[in-house]
$ cat my_file-v8.cif   # mmCIF, C-alpha atoms
data_query
loop_
_atom_site.label_atom_id
_atom_site.label_comp_id
_atom_site.auth_asym_id
_atom_site.auth_seq_id
_atom_site.Cartn_x
_atom_site.Cartn_y
_atom_site.Cartn_z
CA MET A 1 51.55 32.89 57.01
CA THR A 2 53.18 34.28 53.89
CA LEU A 3 52.15 35.29 50.37
CA GLU A 4 54.66 34.07 47.82
CA PRO A 5 54.69 34.21 44.02
CA LEU A 6 53.67 30.81 42.68
CA GLN A 7 56.61 28.67 41.63
CA THR A 8 56.04 26.33 38.70
CA SER A 9 57.23 23.43 40.87
CA ASP A 10 54.31 24.16 43.25
CA ALA A 11 51.68 24.48 40.53
CA HIS A 12 50.06 21.09 41.14
CA SER A 13 49.67 21.75 44.90
CA TYR A 14 48.43 25.26 44.18
CA TRP A 15 45.63 24.17 41.87
CA ARG A 16 44.70 21.25 44.11
CA THR A 17 44.17 23.78 46.92
CA PHE A 18 42.26 26.12 44.62
CA VAL A 19 39.83 23.39 43.58
CA ALA A 20 39.40 22.14 47.16
CA GLY A 21 38.19 25.54 48.37
CA ARG A 22 35.74 26.41 45.59
CA THR A 23 32.34 25.09 44.49
CA ASP A 24 31.61 27.54 41.65
CA LEU A 25 34.11 26.12 39.15
CA PRO A 26 33.28 24.88 35.65
CA THR A 27 35.48 21.84 36.25
CA ARG A 28 37.33 20.20 39.12
CA ASP A 29 39.79 18.53 36.76
CA LEU A 30 43.24 19.55 38.04
CA LYS A 31 44.82 18.94 34.65
CA VAL A 32 42.55 21.51 32.99
CA HIS A 33 43.49 24.20 35.53
CA LEU A 34 47.17 23.29 35.42
CA ASP A 35 47.30 23.31 31.64
CA ARG A 36 45.59 26.72 31.50
CA PHE A 37 48.13 28.12 33.95
CA LEU A 38 51.13 26.72 32.08
CA ALA A 39 49.78 28.19 28.82
CA LEU A 40 49.76 31.72 30.28
CA PRO A 41 52.55 34.15 29.39
CA PRO A 42 55.20 34.52 32.14
CA GLU A 43 53.89 37.89 33.33
CA ASP A 44 50.43 36.39 33.93
CA GLN A 45 51.88 33.37 35.70
CA ARG A 46 53.69 35.73 38.06
CA SER A 47 50.39 37.27 39.16
CA HIS A 48 49.47 34.06 41.04
CA PHE A 49 50.38 33.91 44.72
CA SER A 50 50.51 30.97 47.10
CA VAL A 51 49.31 31.37 50.67
CA LYS A 52 51.75 29.33 52.74
CA ARG A 53 52.01 28.24 56.34
CA ASP A 54 55.10 26.32 57.42
CA GLY A 55 55.99 25.82 53.76
CA ARG A 56 52.62 24.28 52.89
CA ILE A 57 50.18 25.86 50.43
CA ILE A 58 46.90 26.51 52.25
CA GLY A 59 45.41 29.13 49.93
CA THR A 60 45.55 30.71 46.49
CA LEU A 61 44.98 34.13 44.99
CA ARG A 62 45.84 36.21 41.97
CA LEU A 63 46.82 39.86 42.23
CA GLY A 64 46.49 42.55 39.59
CA PRO A 65 47.53 46.18 40.14
CA SER A 66 44.22 46.82 41.94
CA GLU A 67 42.46 43.45 41.86
CA ILE A 68 42.19 40.25 43.86
CA SER A 69 40.87 37.13 42.13
CA GLY A 70 41.34 33.36 42.19
CA PHE A 71 40.82 33.41 45.96
CA SER A 72 40.51 30.04 47.65
CA MET A 73 41.46 28.51 50.99
CA GLU A 74 41.95 24.88 51.88
CA PRO A 75 38.78 24.06 53.87
CA ALA A 76 40.71 23.32 57.06
CA PHE A 77 42.14 26.86 56.93
CA ALA A 78 39.01 28.74 55.79
CA GLY A 79 38.98 30.61 59.09
CA GLU A 80 42.17 32.41 58.07
CA ALA A 81 40.64 33.95 54.95
CA ALA A 82 40.42 37.45 56.48
CA VAL A 83 44.06 37.40 57.61
CA THR A 84 45.12 36.30 54.14
CA LEU A 85 43.07 39.04 52.51
CA LEU A 86 44.52 41.69 54.80
CA LYS A 87 48.02 40.73 53.64
CA ALA A 88 46.90 40.91 50.02
CA VAL A 89 45.23 44.33 50.50
CA ASP A 90 48.32 45.68 52.25
CA LEU A 91 50.48 44.49 49.36
CA LEU A 92 48.24 46.22 46.80
CA ARG A 93 48.06 49.40 48.88
CA ALA A 94 51.85 49.46 49.08
CA GLY A 95 51.87 49.32 45.28
CA GLY A 96 49.66 52.42 45.07
CA ALA A 97 46.19 50.88 44.68
CA THR A 98 43.35 53.02 46.03
CA VAL A 99 40.18 51.26 44.87
CA ILE A 100 40.52 47.45 44.92
CA THR A 101 38.18 45.05 43.14
CA GLY A 102 37.67 41.54 44.47
CA HIS A 103 36.30 38.51 42.63
CA PHE A 104 35.43 35.54 44.86
CA GLU A 105 32.91 32.87 45.73
CA ASP A 106 30.22 33.99 48.19
CA VAL A 107 31.46 31.57 50.85
CA TYR A 108 34.33 34.05 51.34
CA GLU A 109 32.12 37.13 51.38
CA PRO A 110 32.18 37.54 55.19
CA ALA A 111 35.98 37.80 55.10
CA PHE A 112 35.90 40.38 52.29
CA THR A 113 33.10 42.31 53.99
CA SER A 114 35.06 42.45 57.25
CA LEU A 115 37.76 44.43 55.43
CA GLY A 116 35.29 46.87 53.90
CA PHE A 117 34.57 45.28 50.52
CA ARG A 118 31.02 45.92 49.31
CA ARG A 119 29.26 43.70 46.79
CA SER A 120 28.76 45.23 43.34
CA PHE A 121 27.07 42.26 41.68
CA ALA A 122 27.18 38.47 41.51
CA ARG A 123 26.71 35.79 38.89
CA MET A 124 25.83 32.15 39.19
CA ARG A 125 26.63 29.12 37.10
CA MET A 126 23.69 27.02 35.99
CA GLU A 127 23.71 23.64 34.27
CA ALA A 128 21.06 21.45 32.66
CA PRO A 129 21.02 18.01 31.05
CA THR A 130 20.79 18.19 27.29
CA LYS A 131 17.86 16.45 25.64
CA ARG A 132 16.45 15.75 22.23
CA SER A 133 13.23 17.57 21.44
CA ALA A 134 10.76 18.01 18.63
CA ALA A 135 11.73 20.46 15.92
CA VAL A 136 11.15 24.05 17.00
CA SER A 137 8.58 26.10 15.09
CA ILE A 138 11.05 28.83 14.17
CA THR A 139 13.51 28.93 11.30
CA LEU A 140 17.10 28.79 12.52
CA GLN A 141 20.43 28.52 10.80
CA PRO A 142 24.06 28.32 11.98
CA PRO A 143 25.74 31.74 12.15
CA GLU A 144 28.63 32.35 9.79
CA GLU A 145 31.89 34.03 10.75
CA ALA A 146 31.13 36.59 8.04
CA GLU A 147 28.18 37.70 10.20
CA VAL A 148 30.44 39.35 12.80
CA LEU A 149 29.17 42.81 11.90
CA GLY A 150 25.53 41.70 11.98
CA LEU A 151 25.97 39.91 15.31
CA THR A 152 27.82 42.92 16.71
CA ALA A 153 24.95 45.26 15.88
CA PHE A 154 22.43 42.71 17.15
CA LEU A 155 24.12 42.18 20.53
CA MET A 156 24.66 45.90 21.05
CA GLN A 157 20.92 46.40 20.55
CA VAL A 158 20.02 43.47 22.80
CA TYR A 159 22.08 44.78 25.71
CA ASP A 160 21.27 48.47 25.26
CA GLY A 161 19.85 49.53 28.64
CA HIS A 162 20.18 46.01 30.06
CA MET A 163 20.48 45.73 33.85
CA GLU A 164 23.97 44.23 33.48
CA GLN A 165 25.34 47.43 31.99
CA GLN A 166 25.12 49.20 35.34
CA HIS A 167 27.76 46.69 36.50
CA GLY A 168 30.04 47.29 33.54
CA ILE A 169 29.02 44.08 31.73
CA HIS A 170 28.24 44.13 28.01
CA VAL A 171 29.36 47.71 27.49
CA GLY A 172 31.88 49.33 25.17
CA ALA A 173 32.29 50.96 21.79
CA GLU A 174 31.37 49.17 18.57
CA GLU A 175 35.00 48.32 17.89
CA GLU A 176 35.26 46.54 21.25
CA TRP A 177 32.04 44.64 20.59
CA ARG A 178 33.29 43.62 17.17
CA GLY A 179 36.50 42.29 18.70
CA TYR A 180 34.48 40.41 21.31
CA VAL A 181 32.23 38.72 18.74
CA ALA A 182 35.17 37.86 16.47
CA GLY A 183 36.93 36.44 19.53
CA LEU A 184 34.02 34.07 20.21
CA PHE A 185 34.47 32.58 16.75
CA LYS A 186 38.25 32.36 17.23
CA GLY A 187 38.09 30.57 20.57
CA ASP A 188 38.61 33.31 23.16
CA SER A 189 35.81 31.81 25.30
CA GLY A 190 36.43 28.17 24.48
CA GLN A 191 36.24 26.28 21.20
CA TYR A 192 33.37 27.65 19.15
CA MET A 193 30.72 25.02 18.32
CA PRO A 194 29.16 26.13 15.02
CA ASP A 195 26.84 23.13 14.68
CA ALA A 196 25.19 23.89 18.05
CA SER A 197 24.92 27.66 17.52
CA TYR A 198 22.01 29.35 15.74
CA VAL A 199 20.61 32.65 14.55
CA ALA A 200 16.99 33.47 13.78
CA LEU A 201 16.46 35.79 10.84
CA GLU A 202 13.53 37.94 9.81
CA GLY A 203 13.81 39.73 6.51
CA GLY A 204 17.56 39.27 6.58
CA ARG A 205 17.79 40.81 10.07
CA ILE A 206 19.05 38.85 13.06
CA VAL A 207 16.29 38.76 15.69
CA GLY A 208 17.70 36.02 17.92
CA ALA A 209 21.01 34.24 18.44
CA ILE A 210 22.65 31.60 20.61
CA LEU A 211 26.39 31.02 20.46
CA ILE A 212 27.80 27.86 22.06
CA THR A 213 31.44 27.22 22.94
CA HIS A 214 33.15 24.25 24.58
CA TRP A 215 34.83 25.71 27.62
CA MET A 216 36.71 23.85 30.36
CA GLY A 217 35.18 20.48 29.66
CA MET A 218 31.57 21.37 28.89
CA PRO A 219 29.45 23.21 26.30
CA LEU A 220 28.70 26.77 27.42
CA VAL A 221 26.10 29.32 26.32
CA ALA A 222 28.51 32.13 25.49
CA GLU A 223 25.68 34.38 24.26
CA LEU A 224 21.90 34.15 24.07
CA GLY A 225 19.88 37.14 22.96
CA VAL A 226 16.53 38.11 21.47
CA SER A 227 15.80 41.49 19.89
CA LYS A 228 13.54 43.73 21.95
CA ASP A 229 10.68 43.59 19.44
CA HIS A 230 10.61 39.77 19.50
CA ARG A 231 10.67 39.09 23.23
CA GLY A 232 7.87 37.18 24.91
CA LYS A 233 7.25 35.01 21.84
CA GLY A 234 9.23 31.92 22.88
CA LEU A 235 12.25 32.67 20.70
CA GLY A 236 14.78 32.41 23.53
CA ARG A 237 13.31 29.07 24.59
CA GLY A 238 13.38 27.84 20.98
CA LEU A 239 17.04 28.78 20.58
CA LEU A 240 17.94 26.93 23.77
CA GLN A 241 15.92 23.88 22.73
CA ALA A 242 17.64 23.75 19.36
CA SER A 243 21.11 23.90 20.90
CA MET A 244 20.30 21.34 23.60
CA HIS A 245 18.85 19.00 20.96
CA ARG A 246 21.99 19.26 18.85
CA LEU A 247 24.29 18.77 21.84
CA ALA A 248 22.36 15.68 22.91
CA ALA A 249 22.81 14.28 19.41
CA ARG A 250 26.56 14.85 19.84
CA ASP A 251 26.48 12.92 23.14
CA GLU A 252 27.21 16.04 25.18
CA PRO A 253 25.30 15.32 28.40
CA ARG A 254 25.17 18.83 29.92
CA LEU A 255 25.05 22.50 29.00
CA ALA A 256 26.22 25.37 31.22
CA LEU A 257 25.66 29.12 31.35
CA TYR A 258 26.30 32.09 33.61
CA VAL A 259 23.64 34.59 34.62
CA THR A 260 23.74 37.76 36.71
CA ILE A 261 21.82 37.70 39.97
CA GLY A 262 18.83 40.00 39.53
CA ASN A 263 18.24 39.13 35.87
CA ASP A 264 14.99 37.50 36.88
CA PRO A 265 13.42 36.97 33.42
CA ALA A 266 16.49 35.08 32.22
CA ILE A 267 16.72 33.02 35.40
CA ALA A 268 13.03 32.09 35.15
CA LEU A 269 13.51 30.91 31.56
CA TYR A 270 16.57 28.86 32.44
CA ARG A 271 14.80 27.16 35.33
CA LYS A 272 11.88 26.25 33.09
CA MET A 273 14.42 24.67 30.73
CA GLY A 274 15.83 22.50 33.53
CA PHE A 275 18.82 24.58 34.56
CA VAL A 276 19.81 24.56 38.23
CA GLN A 277 22.44 26.52 40.11
CA VAL A 278 25.77 24.76 40.52
CA GLY A 279 28.02 25.89 43.36
CA GLY A 280 28.04 29.25 45.06
CA GLU A 281 27.64 32.72 43.63
CA SER A 282 30.65 34.37 42.00
CA VAL A 283 30.80 37.83 43.58
CA THR A 284 32.46 41.06 42.45
CA ALA A 285 33.03 43.60 45.23
CA ARG A 286 34.90 46.88 45.68
CA LEU A 287 37.03 48.31 48.47
CA GLU A 288 37.16 52.08 48.26
CA GLY A 289 40.25 54.04 49.18
#
$ encode --input "my_file-v8.cif" --output "structure tokens"
Amino acid sequence: MTLEPLQTSDAHSYWRTFVAGRTDLPTRDLKVHLDRFLALPPEDQRSHFSVKRDGRIIGTLRLGPSEISGFSMEPAFAGEAAVTLLKAVDLLRAGGATVITGHFEDVYEPAFTSLGFRRSFARMRMEAPTKRSAAVSITLQPPEEAEVLGLTAFLMQVYDGHMEQQHGIHVGAEEEWRGYVAGLFKGDSGQYMPDASYVALEGGRIVGAILITHWMGMPLVAELGVSKDHRGKGLGRGLLQASMHRLAARDEPRLALYVTIGNDPAIALYRKMGFVQVGGESVTARLEG
């Protein structure tokens, strides 16, 4: 078994293997994955490695200076996941990595655990059918790109002290947040869908927001938040209903989102709205030096 930098000529076989070994993907369309890879700058393309046996690709992974991601094994070779990971860890160690972060589907967690990786947190993908509904009893309007500063301040307040921050999610200085929000409008997380996104205002202040993008073949809830002083009043549910109603009118059959395991209030809301888990959990784990 060898780890070899992915050659462009092997890209189709590589992504076919990647899709075959994962259930937590937003799409199984090979063309989408292949096109995303080919659009990457050369240095990012070179971070992809093929796992080969007798010249055949049986696994995939992506290596950063101290990170393993994009891990997948052809189902017939799933039993060799630990051996593959050991080669990857040795390669990163040789490059000077001390602490290594792994991102993988939970089906591969036993292999990562056997090498000393310990789970930090996990997220799951949920999807629901869109549906038309009666008009919500709250006043909503589409957010404008000029509202970047307002949305930045709103989201920073929403996530202040949130359980996800202990995992390094939704943290950063105001400038980073501003860049993140501006990036949502510009397409960093998929094509922004302004006619399915909404903000709720009270006295000119944003008290709730849902931002929808079209990412890898399906509408995605990129952000959904309610200010702390307006929680428990049905605002989050109303925002979701409004977006799902609009998407149904656009003939978009499904809506997806990602949620961190342990965020029980959010998960309970999503389940009440018809969302169900799709695929396995997407795990982040660390291997200490």
$ closest_atom_pairs --input "my_file-v8.cif" --of "stretch 131-245 of chain A" --to "stretch 257-278 of chain A" --cutoff "10 Å" --atoms "all atoms listed in the file" --output "JSON lines"
{"residue": "A:His162", "atom": "CA", "partner": "A:Asn263", "partner_atom": "CA", "distance": 9.2}
{"residue": "A:Met163", "atom": "CA", "partner": "A:Asn263", "partner_atom": "CA", "distance": 7.3}
{"residue": "A:Glu164", "atom": "CA", "partner": "A:Thr260", "partner_atom": "CA", "distance": 7.2}
{"residue": "A:His167", "atom": "CA", "partner": "A:Thr260", "partner_atom": "CA", "distance": 9.8}
{"residue": "A:Ile169", "atom": "CA", "partner": "A:Thr260", "partner_atom": "CA", "distance": 9.6}
{"residue": "A:Ile212", "atom": "CA", "partner": "A:Leu257", "partner_atom": "CA", "distance": 9.6}
{"residue": "A:Pro219", "atom": "CA", "partner": "A:Leu257", "partner_atom": "CA", "distance": 8.6}
{"residue": "A:Leu220", "atom": "CA", "partner": "A:Leu257", "partner_atom": "CA", "distance": 5.5}
{"residue": "A:Val221", "atom": "CA", "partner": "A:Leu257", "partner_atom": "CA", "distance": 5.1}
{"residue": "A:Ala222", "atom": "CA", "partner": "A:Leu257", "partner_atom": "CA", "distance": 7.2}
{"residue": "A:Glu223", "atom": "CA", "partner": "A:Leu257", "partner_atom": "CA", "distance": 8.8}
{"residue": "A:Leu224", "atom": "CA", "partner": "A:Leu257", "partner_atom": "CA", "distance": 9.6}
{"residue": "A:Gly234", "atom": "CA", "partner": "A:Leu269", "partner_atom": "CA", "distance": 9.7}
{"residue": "A:Gly236", "atom": "CA", "partner": "A:Leu269", "partner_atom": "CA", "distance": 8.3}
{"residue": "A:Arg237", "atom": "CA", "partner": "A:Leu269", "partner_atom": "CA", "distance": 7.2}
{"residue": "A:Leu240", "atom": "CA", "partner": "A:Met273", "partner_atom": "CA", "distance": 8.1}
{"residue": "A:Gln241", "atom": "CA", "partner": "A:Met273", "partner_atom": "CA", "distance": 8.2}
{"residue": "A:Met244", "atom": "CA", "partner": "A:Met273", "partner_atom": "CA", "distance": 9.8}
$ closest_residue --input "my_file-v8.cif" --among "A:Glu175, A:Glu252, A:Glu288, A:Glu74" --to "A:Ala196" --atoms "all atoms listed in the file"
A:Glu252
$ atom_distance --input "my_file-v8.cif" --atom1 "atom CA of A:Pro143" --atom2 "atom CA of A:Leu235"
16.0 Å
$ residues_around --input "my_file-v8.cif" --residues "A:Gly225" --least-positions-apart "2" --cutoff "9 Å" --atoms "all atoms listed in the file" --output "JSON, numbers by chain"
{"A": [154, 155, 158, 159, 207, 208, 209, 210, 223, 227, 236]}
$ atom_distance --input "my_file-v8.cif" --atom1 "atom CA of A:Asp24" --atom2 "atom CA of A:Glu105"
6.8 Å
$ residues_near_point --input "my_file-v8.cif" --point "(48.0, 34.0, 39.9)" --cutoff "8 Å" --atoms "all atoms listed in the file" --output "number ranges by chain"
A: 5-6, 44-49, 60-63, 70
$ resolve_selection --input "my_file-v8.cif" --expression "the PyMOL selection byres ((chain A and resi 174) around 12)" --output "VMD selection string"
chain A and resid 148 to 157 170 to 173 175 to 181
$ axis_aligned_box --input "my_file-v8.cif" --around "stretch 241-260 of chain A" --padding-each-side "6 Å" --output "JSON"
{"center_x": 21.6, "center_y": 25.3, "center_z": 27.8, "size_x": 23.3, "size_y": 36.8, "size_z": 29.9}
$ residues_around --input "my_file-v8.cif" --residues "A:Glu281" --least-positions-apart "4" --cutoff "6 Å" --atoms "all atoms listed in the file" --output "PyMOL selection string"
chain A and resi 105-106+123-124
$ atom_distance --input "my_file-v8.cif" --atom1 "atom CA of A:Phe185" --atom2 "atom CA of A:Gly64"
27.7 Å
$ residues_around --input "my_file-v8.cif" --residues "stretch 80-82 of chain A" --least-positions-apart "5" --cutoff "12 Å" --atoms "only C-alpha atoms" --output "PyMOL selection string"
chain A and resi 1-2+21+51-53+58-61+71-75+87-89+104+107-117
$ closest_residue --input "my_file-v8.cif" --among "A:Val19, A:Ala76, A:Leu25, A:Leu287" --to "A:Met218" --atoms "all atoms listed in the file"
A:Leu25
$ closest_residue --input "my_file-v8.cif" --among "A:Ala94, A:Ala128, A:Leu211, A:Ala285" --to "A:Glu145" --atoms "all atoms listed in the file"
A:Leu211
$ closest_residue --input "my_file-v8.cif" --among "A:Ala20, A:Ser13, A:Gln141, A:Gln166" --to "A:Ser120" --atoms "all atoms listed in the file"
A:Gln166
$ closest_residue --input "my_file-v8.cif" --among "A:His245, A:His214, A:Lys228, A:Arg118" --to "A:Gly190" --atoms "all atoms listed in the file"
A:His214
$ closest_residue --input "my_file-v8.cif" --among "A:Trp215, A:Tyr198, A:Trp15, A:Tyr192" --to "A:Pro142" --atoms "only C-alpha atoms"
A:Tyr198
